[in-house]
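Notes to accompany the following structure.
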Amino acid sequence: MMSGATPRLKRLSRPGGLKAWKAVFWTGAMLAVLLAAADWGVGRWQQGLVQARKDYRASLDRLAFHAVRTGIEEIRHQEDGRYRIRLIVQNAFDEPIFVMMPAVDAFIQIGPQWVGVQIAEAPEAAMEGSVVRLVGERATDRYLTVEPTDYTESIPGYIHLKLNLEMIVSPEQNPQEEVGERKEDLILYLKDYRWASDKTRHGNPAFDEKPDFIPLRAWTLVPRSPKS
């Protein structure tokens with residue numbers, strides 16, 4: 001048994017055999033190192049993509065909720081019974097941005113619910129859905145029609161009104177990636193001119209001395225700087 005195994009051991013102990021085994025060992029070690037490095041590189045690359053996406057998403061949110069500001073400039077009652085509402089869209093930053101002018105829905109409070117009422121863009125100033133390069137501010141007008149009379153009167157003679165605005169914001173005119181979305185509610189009390197002749201509903205001061213609308217939240221009004 002021992003005599004048969006001796007030649008094999010001798011062959012493995014030859015210099016050429018050791019070199020071959022060393023070459024195989026180091027080749028395997030190098031491949032393992034290269035695979036580990038490649039795996040680490042792919043992981044870092046994927047982490048970079050994820051972080052870049054997060055940073056881009058954060059920049060879009062910054063544009064949508066800090067650069068863009070909206071509010072009501074005025075509301076005027078029309079002879080046909082409708083209300084003309086002037087909305088302002090502002091760019092609070094120095095650099096220009098691109099926005100899709102807001103889609104607007106209107107609701108009034110009836111009991112515990114918000115019920116939709118008709119609101120339409122002024123035909124002579126149609127901009128809803130248009131992408132504009134916003135520098136400074138833009139105005140957009142809507143005509144509001146309120147038919148129900150059984151609305152909830154938290155303030156006598158006033159309609160509790162909610163305007164829902166939805167906009168799309170981007171730093172580019174033709175974005176290749178996702179865009180920012182801005183959704184907000186403007187809530188106010190709107191004077192109901194249908195009761196103008198009923199003095200018992202309004203008390204003092206006289207009906208025409210009361211404001212056309214009362215904002216429920218400060219940001220319902222157009223933001224203005226002290227110099228404006």
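Residue numbering restarts at 1 for every chain of the structure tokens, chains are lettered A, B, ... in their displayed order, and ligands are numbered from 1 as they appear.
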Taking a cut-off of 10 Å and counting only C-alpha atoms, can you build a table that, for each residue of range 141-189 of chain A near range 93-100 of chain A, reports the nearest atom pair and how far apart they are in Å (one decimal), sorted by chain then residue number, as JSON lines?
{"residue": "A:Glu166", "atom": "CA", "partner": "A:Met100", "partner_atom": "CA", "distance": 9.0}
{"residue": "A:Met167", "atom": "CA", "partner": "A:Met100", "partner_atom": "CA", "distance": 5.7}
{"residue": "A:Ile168", "atom": "CA", "partner": "A:Met100", "partner_atom": "CA", "distance": 5.1}
{"residue": "A:Val169", "atom": "CA", "partner": "A:Val99", "partner_atom": "CA", "distance": 4.5}
{"residue": "A:Ser170", "atom": "CA", "partner": "A:Phe98", "partner_atom": "CA", "distance": 5.3}
{"residue": "A:Pro171", "atom": "CA", "partner": "A:Ile97", "partner_atom": "CA", "distance": 5.0}
{"residue": "A:Glu172", "atom": "CA", "partner": "A:Phe98", "partner_atom": "CA", "distance": 6.2}
{"residue": "A:Gln173", "atom": "CA", "partner": "A:Phe98", "partner_atom": "CA", "distance": 5.8}
{"residue": "A:Asn174", "atom": "CA", "partner": "A:Phe98", "partner_atom": "CA", "distance": 9.1}
{"residue": "A:Pro175", "atom": "CA", "partner": "A:Phe98", "partner_atom": "CA", "distance": 9.6}
{"residue": "A:Val179", "atom": "CA", "partner": "A:Val99", "partner_atom": "CA", "distance": 9.8}
{"residue": "A:Gly180", "atom": "CA", "partner": "A:Val99", "partner_atom": "CA", "distance": 9.3}
{"residue": "A:Glu181", "atom": "CA", "partner": "A:Val99", "partner_atom": "CA", "distance": 9.6}
{"residue": "A:Arg182", "atom": "CA", "partner": "A:Val99", "partner_atom": "CA", "distance": 9.9}
Leaving out Glu153 in chain A and any residue of its chain fewer than 3 positions from it, which residues lie within 10 Å of it when counting only C-alpha atoms, given as a PyMOL selection string?
chain A and resi 109-111+149-150+156-160+189
List the neighbours of Glu128 in chain A out to 8 Å using only C-alpha atoms; skip same-chain residues closer than 4 positions along the sequence, and give me the result as a ChimeraX atom specification.
/A:100-103,121
Expected file contents, prior selection, N, CA and C atoms, as an mmCIF file, in the first residue's frame:
data_model
loop_
_atom_site.group_PDB
_atom_site.id
_atom_site.type_symbol
_atom_site.label_atom_id
_atom_site.label_comp_id
_atom_site.auth_asym_id
_atom_site.auth_seq_id
_atom_site.Cartn_x
_atom_site.Cartn_y
_atom_site.Cartn_z
ATOM 1 N N MET A 100 -48.800 73.733 -14.919
ATOM 2 C CA MET A 100 -50.055 73.544 -15.629
ATOM 3 C C MET A 100 -51.127 74.267 -14.821
ATOM 4 N N MET A 101 -51.755 75.254 -15.415
ATOM 5 C CA MET A 101 -52.714 76.081 -14.687
ATOM 6 C C MET A 101 -53.793 75.211 -14.053
ATOM 7 N N PRO A 102 -54.252 75.597 -12.869
ATOM 8 C CA PRO A 102 -55.011 74.669 -12.028
ATOM 9 C C PRO A 102 -56.370 74.263 -12.580
ATOM 10 N N ALA A 103 -56.690 72.998 -12.324
ATOM 11 C CA ALA A 103 -58.058 72.519 -12.461
ATOM 12 C C ALA A 103 -58.756 72.826 -11.145
ATOM 13 N N GLU A 121 -64.372 77.911 -16.196
ATOM 14 C CA GLU A 121 -63.375 78.909 -16.536
ATOM 15 C C GLU A 121 -63.989 80.013 -17.386
#
Could you tell me which of A:Arg86, A:Arg217, A:His66, A:Arg194 comes closest to Arg138 in chain A if we count only C-alpha atoms?
A:Arg86
Residues of range 59-223 of chain A classed as strand (DSSP E) by DSSP on the backbone are to be reported as a VMD selection string.
chain A and resid 68 to 77 83 to 91 97 to 110 113 to 121 131 to 134 137 to 145 158 to 170 180 to 191 213 to 215
